[in-house]
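Student: upload_25.txt is reproduced in full below (compact mmCIF, C-alpha atoms and all ligand atoms).
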```
# COMPACT_ATOMS: atom_id res chain seq x y z
CA MET X 30 7.61 -5.94 12.73
CA ALA X 31 5.51 -3.97 10.23
CA GLU X 32 6.84 -5.84 7.20
CA ALA X 33 5.75 -9.20 8.66
CA LEU X 34 2.10 -8.07 8.39
CA TRP X 35 2.35 -8.80 4.65
CA ASP X 36 3.07 -12.51 5.00
CA ASP X 37 0.28 -14.88 3.91
CA VAL X 38 -2.28 -12.19 3.16
CA ALA X 39 -1.98 -12.04 -0.63
CA ALA X 40 -5.38 -13.54 -1.53
CA ALA X 41 -7.30 -11.25 0.85
CA TYR X 42 -5.17 -8.29 -0.29
CA GLU X 43 -5.94 -9.02 -3.95
CA ARG X 44 -9.71 -8.93 -3.26
CA SER X 45 -9.61 -5.72 -1.27
CA PHE X 46 -6.75 -3.28 -0.73
CA ALA X 47 -5.11 -4.04 -4.09
CA THR X 48 -7.92 -2.14 -5.80
CA LEU X 49 -7.56 0.67 -3.25
CA CYS X 50 -3.82 1.03 -3.86
CA ALA X 51 -4.30 0.91 -7.65
CA GLY X 52 -6.06 4.29 -7.35
CA THR X 53 -2.73 6.12 -7.65
CA THR X 54 -1.79 4.44 -10.94
CA GLU X 55 -2.53 7.45 -13.16
CA ALA X 56 -0.64 9.80 -10.85
CA LEU X 57 2.40 7.46 -10.84
CA LEU X 58 2.36 7.04 -14.62
CA ALA X 59 2.21 10.81 -15.15
CA HIS X 60 5.77 11.17 -13.81
CA LEU X 61 7.43 8.55 -16.03
CA PRO X 62 9.13 9.18 -19.38
CA PRO X 63 7.79 7.11 -22.30
CA GLY X 64 9.18 3.61 -22.85
CA ALA X 65 11.12 3.60 -19.58
CA ARG X 66 12.80 0.61 -17.96
CA VAL X 67 10.78 0.71 -14.73
CA LEU X 68 11.02 -1.18 -11.44
CA ASP X 69 7.84 -1.54 -9.34
CA VAL X 70 9.14 -2.09 -5.79
CA GLY X 71 6.82 -3.86 -3.33
CA CYS X 72 4.58 -4.69 -6.28
CA GLY X 73 2.00 -6.64 -4.26
CA SER X 74 -0.43 -8.52 -6.50
CA GLY X 75 0.71 -6.57 -9.57
CA HIS X 76 -2.03 -4.06 -10.51
CA VAL X 77 0.42 -1.17 -10.99
CA ALA X 78 2.92 -3.41 -12.82
CA GLU X 79 0.13 -4.47 -15.19
CA SER X 80 -0.73 -0.82 -15.94
CA LEU X 81 2.95 0.05 -16.45
CA VAL X 82 3.23 -2.74 -19.03
CA GLY X 83 0.00 -1.50 -20.67
CA ALA X 84 1.49 2.01 -20.91
CA GLY X 85 4.44 0.67 -22.93
CA HIS X 86 7.15 0.53 -20.29
CA VAL X 87 9.67 -2.29 -19.86
CA VAL X 88 8.61 -3.47 -16.43
CA HIS X 89 10.38 -5.34 -13.65
CA ALA X 90 8.66 -5.89 -10.29
CA VAL X 91 9.79 -7.15 -6.91
CA ASP X 92 8.14 -8.13 -3.63
CA PRO X 93 9.34 -10.08 -0.55
CA ASP X 94 6.19 -12.19 -0.30
CA PRO X 95 6.18 -15.31 -2.52
CA GLU X 96 2.37 -15.30 -2.85
CA MET X 97 2.42 -11.68 -4.02
CA VAL X 98 5.17 -12.59 -6.50
CA ALA X 99 2.98 -15.42 -7.83
CA LEU X 100 -0.08 -13.15 -8.19
CA ALA X 101 1.92 -10.37 -9.86
CA THR X 102 3.47 -12.90 -12.24
CA SER X 103 0.07 -14.22 -13.30
CA ARG X 104 -1.50 -10.74 -13.56
CA SER X 105 1.17 -8.92 -15.58
CA ALA X 106 3.82 -9.45 -18.22
CA ALA X 107 6.38 -7.84 -15.89
CA ASP X 108 9.54 -9.71 -14.96
CA VAL X 109 8.74 -10.35 -11.27
CA ARG X 110 11.32 -11.35 -8.66
CA ARG X 111 11.35 -11.95 -4.96
CA GLY X 112 13.34 -9.40 -2.97
CA ALA X 113 13.07 -6.68 -0.36
CA LEU X 114 14.22 -3.17 0.39
CA PRO X 115 16.76 -1.99 1.20
CA ASP X 116 18.90 -4.52 -0.69
CA LEU X 117 17.07 -5.13 -3.95
CA PRO X 118 18.26 -7.95 -6.21
CA TYR X 119 19.23 -5.65 -9.12
CA ASP X 120 22.40 -3.91 -10.25
CA ASP X 121 22.96 -0.34 -9.12
CA ALA X 122 21.68 2.37 -11.47
CA SER X 123 19.88 -0.16 -13.66
CA PHE X 124 16.45 1.55 -14.02
CA ASP X 125 15.18 4.72 -15.71
CA ALA X 126 12.42 4.91 -13.13
CA VAL X 127 11.45 3.25 -9.84
CA VAL X 128 7.97 3.33 -8.30
CA ALA X 129 7.08 2.35 -4.74
CA ASN X 130 3.31 2.47 -4.27
CA PHE X 131 2.37 2.33 -0.55
CA VAL X 132 5.58 0.56 0.42
CA LEU X 133 7.68 3.12 2.34
CA ASN X 134 4.87 3.30 4.91
CA HIS X 135 5.19 -0.45 5.58
CA VAL X 136 8.94 -1.03 5.89
CA ASP X 137 10.92 -1.42 9.11
CA ASP X 138 13.52 1.23 8.20
CA PRO X 139 12.09 3.86 5.81
CA ARG X 140 15.36 5.81 5.37
CA ALA X 141 17.34 2.68 4.47
CA ALA X 142 14.49 1.64 2.15
CA ALA X 143 14.52 5.02 0.38
CA ARG X 144 18.29 4.66 -0.12
CA GLY X 145 17.54 1.24 -1.66
CA LEU X 146 15.30 2.99 -4.22
CA THR X 147 18.08 5.48 -5.02
CA ALA X 148 20.68 2.72 -5.50
CA VAL X 149 18.87 1.05 -8.40
CA THR X 150 17.92 4.32 -10.19
CA ARG X 151 20.28 5.64 -12.87
CA THR X 152 21.56 9.21 -12.60
CA GLY X 153 18.78 11.49 -13.84
CA GLY X 154 16.22 8.68 -13.47
CA HIS X 155 12.91 9.05 -11.64
CA VAL X 156 11.69 7.82 -8.25
CA VAL X 157 7.94 8.10 -7.57
CA ALA X 158 6.59 7.01 -4.19
CA THR X 159 3.25 7.11 -2.39
CA ILE X 160 2.25 6.63 1.24
CA TRP X 161 -0.91 6.99 3.31
CA PRO X 162 -0.88 10.32 5.16
CA ALA X 163 -1.46 10.43 8.91
CA GLN X 164 -5.18 11.36 8.65
CA LEU X 165 -7.50 8.42 9.24
CA PRO X 166 -9.01 7.20 5.92
CA PRO X 167 -12.80 6.59 5.85
CA GLN X 168 -12.51 2.80 5.73
CA ALA X 169 -10.54 2.98 9.00
CA THR X 170 -13.30 5.13 10.52
CA LEU X 171 -15.77 2.40 9.57
CA TRP X 172 -13.53 -0.26 11.11
CA ASN X 173 -13.02 1.70 14.35
CA THR X 174 -16.79 2.13 14.69
CA LEU X 175 -17.25 -1.63 14.25
CA LEU X 176 -14.62 -2.33 16.91
CA ASP X 177 -16.04 0.20 19.38
CA ASP X 178 -19.67 -0.86 18.92
CA ALA X 179 -18.73 -4.50 19.51
CA GLY X 180 -16.69 -3.72 22.66
CA ALA X 181 -13.48 -4.94 21.01
CA VAL X 182 -10.06 -4.99 22.64
CA ARG X 183 -7.41 -2.83 20.93
CA PRO X 184 -4.17 -4.80 20.55
CA ALA X 185 -0.86 -2.93 20.41
CA MET X 186 0.02 -2.32 16.76
CA PRO X 187 3.59 -2.64 15.49
CA ARG X 188 5.10 0.86 15.52
CA LEU X 189 8.42 2.17 14.30
CA ALA X 190 10.79 3.63 16.87
CA PRO X 191 10.59 7.44 16.69
CA GLU X 192 14.15 7.71 15.33
CA LEU X 193 13.22 5.42 12.39
CA ASP X 194 9.84 6.97 11.61
CA PHE X 195 9.08 9.92 9.32
CA GLU X 196 6.25 12.44 8.97
CA ARG X 197 3.35 10.83 7.11
CA SER X 198 2.53 13.72 4.76
CA PRO X 199 3.52 14.79 1.21
CA GLU X 200 6.27 16.99 2.72
CA GLY X 201 7.46 14.20 5.02
CA LEU X 202 7.68 11.82 2.08
CA GLY X 203 9.62 14.41 0.08
CA ASP X 204 12.04 14.87 2.99
CA LEU X 205 12.53 11.10 3.18
CA LEU X 206 13.50 10.97 -0.51
CA ALA X 207 15.76 14.03 -0.12
CA GLN X 208 17.56 12.28 2.76
CA ALA X 209 18.23 9.41 0.34
CA ASP X 210 20.22 11.75 -1.96
CA LEU X 211 17.35 12.32 -4.39
CA GLN X 212 16.34 15.72 -5.82
CA VAL X 213 12.69 16.27 -5.02
CA VAL X 214 10.76 17.56 -8.05
CA ASP X 215 7.32 17.81 -6.48
CA VAL X 216 5.15 16.52 -3.66
CA GLY X 217 1.40 16.55 -3.41
CA ALA X 218 -1.78 14.58 -2.93
CA SER X 219 -3.65 12.12 -5.12
CA GLU X 220 -7.39 11.73 -4.43
CA TRP X 221 -9.91 9.21 -5.76
CA ASP X 222 -13.02 7.24 -4.90
CA TRP X 223 -12.38 3.63 -3.92
CA ARG X 224 -15.32 1.46 -4.95
CA VAL X 225 -15.29 -1.95 -3.29
CA ARG X 226 -17.84 -4.73 -2.77
CA PRO X 227 -18.70 -5.07 0.94
CA GLU X 228 -17.66 -8.75 0.98
CA ASP X 229 -14.26 -7.87 -0.48
CA LEU X 230 -13.70 -5.10 2.06
CA TRP X 231 -14.66 -7.55 4.79
CA ALA X 232 -12.10 -10.10 3.48
CA GLY X 233 -9.42 -7.40 3.57
CA MET X 234 -10.27 -6.01 6.99
CA THR X 235 -10.38 -9.44 8.62
CA GLY X 236 -7.06 -10.49 7.11
CA VAL X 237 -4.70 -7.74 6.00
CA GLY X 238 -2.27 -5.47 7.85
CA ASN X 239 -3.28 -3.74 11.09
CA PHE X 240 -6.96 -4.45 10.33
CA GLY X 241 -6.20 -8.19 10.37
CA VAL X 242 -4.17 -7.89 13.58
CA ALA X 243 -7.14 -6.24 15.32
CA TRP X 244 -9.57 -8.85 13.98
CA HIS X 245 -7.51 -11.84 15.12
CA ALA X 246 -7.15 -10.33 18.61
CA GLN X 247 -10.93 -10.48 19.21
CA ALA X 248 -12.87 -13.18 21.00
CA GLU X 249 -15.41 -15.08 18.90
CA ASP X 250 -18.42 -13.28 20.40
CA VAL X 251 -16.88 -9.90 19.56
CA GLN X 252 -16.16 -11.05 16.00
CA GLU X 253 -19.77 -12.22 15.74
CA ARG X 254 -21.09 -8.79 16.84
CA MET X 255 -18.80 -7.07 14.33
CA ARG X 256 -20.00 -9.33 11.53
CA ALA X 257 -23.63 -8.73 12.48
CA SER X 258 -23.35 -4.92 12.52
CA PHE X 259 -21.09 -4.56 9.44
CA GLU X 260 -23.92 -3.87 6.99
CA ASP X 261 -25.49 -1.15 9.18
CA VAL X 262 -22.19 0.53 10.04
CA ALA X 263 -21.16 0.54 6.36
CA ALA X 264 -24.52 1.94 5.19
CA PRO X 265 -23.36 5.62 4.93
CA TRP X 266 -20.80 4.58 2.28
CA ARG X 267 -23.11 2.32 0.27
CA ASP X 268 -23.90 3.11 -3.34
CA GLY X 269 -25.87 0.23 -4.85
CA ASP X 270 -23.79 -2.96 -4.72
CA VAL X 271 -20.58 -1.27 -3.60
CA LEU X 272 -19.15 0.91 -0.84
CA VAL X 273 -17.51 4.16 -1.96
CA PHE X 274 -14.71 5.75 0.07
CA GLY X 275 -13.16 9.11 -0.84
CA VAL X 276 -9.44 8.54 -0.18
CA ARG X 277 -6.24 10.58 -0.38
CA ALA X 278 -2.58 9.54 -0.73
CA ALA X 279 0.65 11.50 -0.44
CA ILE X 280 2.84 11.29 -3.56
CA ALA X 281 6.38 12.47 -4.19
CA HIS X 282 8.43 12.60 -7.39
CA ALA X 283 12.21 12.90 -7.30
CA THR X 284 15.18 12.36 -9.58
CA ALA X 285 18.48 10.63 -8.89
C1 LIG X 301 0.21 -1.96 0.71
S1 LIG X 301 1.05 -3.19 -0.18
C2 LIG X 301 1.26 -2.33 -1.74
C3 LIG X 301 1.41 -3.29 -2.89
C4 LIG X 301 1.49 -2.66 -4.28
N1 LIG X 301 2.56 -1.69 -4.39
C5 LIG X 301 0.17 -2.09 -4.69
O1 LIG X 301 0.14 -0.91 -5.08
O2 LIG X 301 -0.84 -2.83 -4.66
C6 LIG X 301 2.69 -3.22 0.49
C7 LIG X 301 3.61 -4.20 -0.22
O3 LIG X 301 4.94 -3.95 0.25
C8 LIG X 301 5.59 -5.19 0.33
N2 LIG X 301 6.76 -5.03 1.22
C9 LIG X 301 6.81 -5.14 2.59
N3 LIG X 301 8.07 -4.94 3.00
C10 LIG X 301 8.83 -4.69 1.90
C11 LIG X 301 10.21 -4.41 1.68
N4 LIG X 301 11.08 -4.34 2.69
N5 LIG X 301 10.62 -4.22 0.40
C12 LIG X 301 9.77 -4.26 -0.64
N6 LIG X 301 8.45 -4.51 -0.49
C13 LIG X 301 7.98 -4.72 0.76
C14 LIG X 301 4.52 -6.14 0.84
O4 LIG X 301 4.84 -7.51 0.60
C15 LIG X 301 3.31 -5.66 0.05
O5 LIG X 301 3.17 -6.35 -1.16
```
Transcribe the structure of this file into structure tokens.
Tutor:
Amino acid sequence: MAEALWDDVAAAYERSFATLCAGTTEALLAHLPPGARVLDVGCGSGHVAESLVGAGHVVHAVDPDPEMVALATSRSAADVRRGALPDLPYDDASFDAVVANFVLNHVDDPRAAARGLTAVTRTGGHVVATIWPAQLPPQATLWNTLLDDAGAVRPAMPRLAPELDFERSPEGLGDLLAQADLQVVDVGASEWDWRVRPEDLWAGMTGVGNFGVAWHAQAEDVQERMRASFEDVAAPWRDGDVLVFGVRAAIAHATA
């Protein structure tokens, strides 16, 4: 299902979407008390964990993918373990704060996962989570144009059953945390410019998540047409050596 899309993609993720997801770091840090014992859940290659350590927190991090665990271990001084929501390998109520940066939008059972965040947070502790809202981000617009121009097939993407899914918006994320017995403090949006080298974006889009699924479903001639038109299709976002995408995440802060 959706979680399986994160197997064996760590190197491509590190080059591409890791720097995209790191854009919420300041917004996440703003909700944490100083010197907190923090758990970064679904830490990926460890950018947020590294910043949490730099901000003076005592940081633990966890991810189901062994390659992500290895990258996060080498990038940060966090104590990184392998494990997955909803049953995290930590004692109940053992953290002052728990962050989940773009994780609840990738799990197979978001409500169970949110309860997993609650379980490891001490009473009065903080949970801060982000997701991508439903609106198509600009890098996906670029990708869809590439697919359409090349006459690509559109494979079925893994989707949650309606009874498991939740509204992909700041309010929907807040509701998800409230359903996990958390008190929602605030919900909102975090916006930033993602600056990425075209070759790194290409590595991400041809390997990671739903982008990678679409890429691998194409015949070689379609892939060749996509490769050939990438530079032209990406031109509207080019600024010198990089592409710049204005992006927006939903963020929610709650207490246990
Ligand atoms: C979009 S990445 C975000 C990574 C990281 N938080 C960041 O900001 O770069 C999603 C991450 O969630 C992890 N993941 C997938 N299923 C998970 C689960 N059930 N519990 C915890 N993490 C999970 C993936 O391995 C991947 O590292």
Student: Using only C-alpha atoms, give me every residue within 12 Å of (-20.6, 3.3, -2.8) in file coordinates, as a list in words.
Tutor: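 Within the cut-off we find Gln168, Asp222, Trp223, Arg224, Val225, Arg226, Pro227, Leu230, Ala263, Ala264, Pro265, Trp266, Arg267, Asp268, Gly269, Asp270, Val271, Leu272, Val273, Phe274 and Gly275 of chain X.
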Student: Near X:Asp177, counting all atoms listed in the file, which residues have an atom at most 12 Å away, once you skip same-chain residues fewer than 4 positions from it, shown as JSON, numbers by chain?
Tutor: {"X": [170, 171, 172, 173, 181, 182, 183, 243, 247, 251, 252, 254, 255, 258, 262]}
Student: Between atom CA of X:Ile280 and atom CA of X:Ala84, measure the distance and give it in Å to one decimal.
Tutor: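 One can read the atom CA of X:Ile280 to atom CA of X:Ala84 distance as 19.7 Å.
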Student: Using only C-alpha atoms and all ligand atoms, find each residue of chain X with at least one atom at most 7 Å away from an atom of ligand LIG 301 (chain X); report its shortest atom-to-atom pair and that distance in Å (one decimal), sort the rows by chain and rising residue number, and return the result as a Markdown table.
Tutor:
```
| residue | atom | partner | partner_atom | distance |
| --- | --- | --- | --- | --- |
| X:Glu32 | CA | X:LIG301 | N3 | 4.5 |
| X:Trp35 | CA | X:LIG301 | O4 | 4.9 |
| X:Asp36 | CA | X:LIG301 | O4 | 6.9 |
| X:Ala47 | CA | X:LIG301 | O2 | 4.5 |
| X:Cys50 | CA | X:LIG301 | O1 | 4.6 |
| X:Ala51 | CA | X:LIG301 | O1 | 5.4 |
| X:Val70 | CA | X:LIG301 | C12 | 5.6 |
| X:Gly71 | CA | X:LIG301 | N6 | 3.3 |
| X:Cys72 | CA | X:LIG301 | N1 | 4.1 |
| X:Gly73 | CA | X:LIG301 | O5 | 3.3 |
| X:Ser74 | CA | X:LIG301 | O2 | 6.0 |
| X:Gly75 | CA | X:LIG301 | O2 | 6.4 |
| X:His76 | CA | X:LIG301 | O2 | 6.1 |
| X:Val77 | CA | X:LIG301 | O1 | 5.9 |
| X:Val91 | CA | X:LIG301 | C12 | 6.9 |
| X:Asp92 | CA | X:LIG301 | N6 | 4.8 |
| X:Pro93 | CA | X:LIG301 | O4 | 5.3 |
| X:Asp94 | CA | X:LIG301 | O4 | 5.0 |
| X:Met97 | CA | X:LIG301 | O5 | 6.1 |
| X:Gly112 | CA | X:LIG301 | C12 | 6.7 |
| X:Ala113 | CA | X:LIG301 | N5 | 3.6 |
| X:Leu114 | CA | X:LIG301 | N5 | 3.8 |
| X:Pro115 | CA | X:LIG301 | N4 | 6.3 |
| X:Ala129 | CA | X:LIG301 | N1 | 6.1 |
| X:Asn130 | CA | X:LIG301 | N1 | 4.2 |
| X:Phe131 | CA | X:LIG301 | C2 | 4.9 |
| X:Val132 | CA | X:LIG301 | O3 | 4.6 |
| X:His135 | CA | X:LIG301 | C9 | 5.8 |
| X:Val136 | CA | X:LIG301 | N3 | 4.9 |
| X:Ala142 | CA | X:LIG301 | N4 | 6.9 |
```
Student: In the coordinates of the file, take the point (-8.2, -3.8, 4.1) and a cut-off of 12 Å; then, counting all atoms listed in the file, name each qualifying protein, DNA or RNA residue as a count of residues only.
Tutor: 42
Student: Restricting the calculation to all atoms listed in the file, which member of X:Arg277, X:Ala163, X:Met186, X:Ala283 is positioned closest to X:Leu206?
Tutor: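 Closest candidate: X:Ala283.
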Student: As JSON, please report the centre and edge lengths, rounded to one decimal in Å, of the axis-aligned box that holds all listed atoms of stretch 247-255 of chain X with 4 Å of padding on each of the six sides.
Tutor:
```
{"center_x": -16.0, "center_y": -11.1, "center_z": 17.7, "size_x": 18.2, "size_y": 16.0, "size_z": 14.7}
```
Student: Kindly give the distance, in Å, that separates atom CA of X:Thr159 and atom CA of X:Leu61, rounded to a single decimal.
Tutor: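 For atom CA of X:Thr159 relative to atom CA of X:Leu61, the distance reads 14.3 Å.
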Student: For a test of reading the model, state the distance in Å between atom CA of X:Arg197 and atom CA of X:Val157, rounded to one decimal.
Tutor: 15.6 Å
Student: Of the candidates X:Ala248, X:Leu193, X:Ala209, X:Ala106, which one gets nearest to X:Ala179 if we count all atoms listed in the file?
Tutor: X:Ala248
Student: Between X:Leu205, X:Leu81, X:Val109, X:Val276, which is the closest to X:Glu55 once you count all atoms listed in the file?
Tutor: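 Using all atoms listed in the file, the shortest distance to X:Glu55 belongs to X:Leu81.
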Student: When distances are computed from all atoms listed in the file, which of X:Arg111, X:His155, X:Arg188, X:His245 shows the smallest separation from X:Ser123?
Tutor: X:His155
Student: Using only C-alpha atoms, which residues sit within 8 Å of X:Val82 once same-chain residues fewer than 3 positions away are excluded, as a list in words?
Tutor: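 The neighbour list is Ala78, Glu79, Gly85, His86, Val87, Val88, Ser105, Ala106 and Ala107 of chain X.
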Student: Those same residues, written as a tab-separated table (two decimals), keeping the file's coordinate frame with C-alpha atoms?
Tutor:
```tsv
chain	number	residue	atom	x	y	z
X	78	ALA	CA	2.92	-3.41	-12.82
X	79	GLU	CA	0.13	-4.47	-15.19
X	85	GLY	CA	4.44	0.67	-22.93
X	86	HIS	CA	7.15	0.53	-20.29
X	87	VAL	CA	9.67	-2.29	-19.86
X	88	VAL	CA	8.61	-3.47	-16.43
X	105	SER	CA	1.17	-8.92	-15.58
X	106	ALA	CA	3.82	-9.45	-18.22
X	107	ALA	CA	6.38	-7.84	-15.89
```
Student: So, with all atoms listed in the file as the atoms that count, which of X:Asp204, X:Gly52, X:Asp121, X:Arg256 lies closest to X:Arg140?
Tutor: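 Of X:Asp204, X:Gly52, X:Asp121, X:Arg256, the one nearest X:Arg140, counting all atoms listed in the file, is X:Asp204.
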Student: Residues near X:Asp125, anyone? I mean within 12 Å using all atoms listed in the file, not counting same-chain ones fewer than 5 positions away, as a list in words.
Tutor: His60, Leu61, Pro62, Pro63, Gly64, Ala65, Arg66, Val67, Leu68, Asp69, His86, Val87, Val88, His89, Leu146, Thr147, Ala148, Val149, Thr150, Arg151, Thr152, Gly153, Gly154, His155, Val156, Val157, Thr284 and Ala285 of chain X
Student: Hey, which of X:Asp215, X:Glu249, X:Asp194, X:Asp261 ends up closest to X:Ala158? Count all atoms listed in the file.
Tutor: X:Asp215
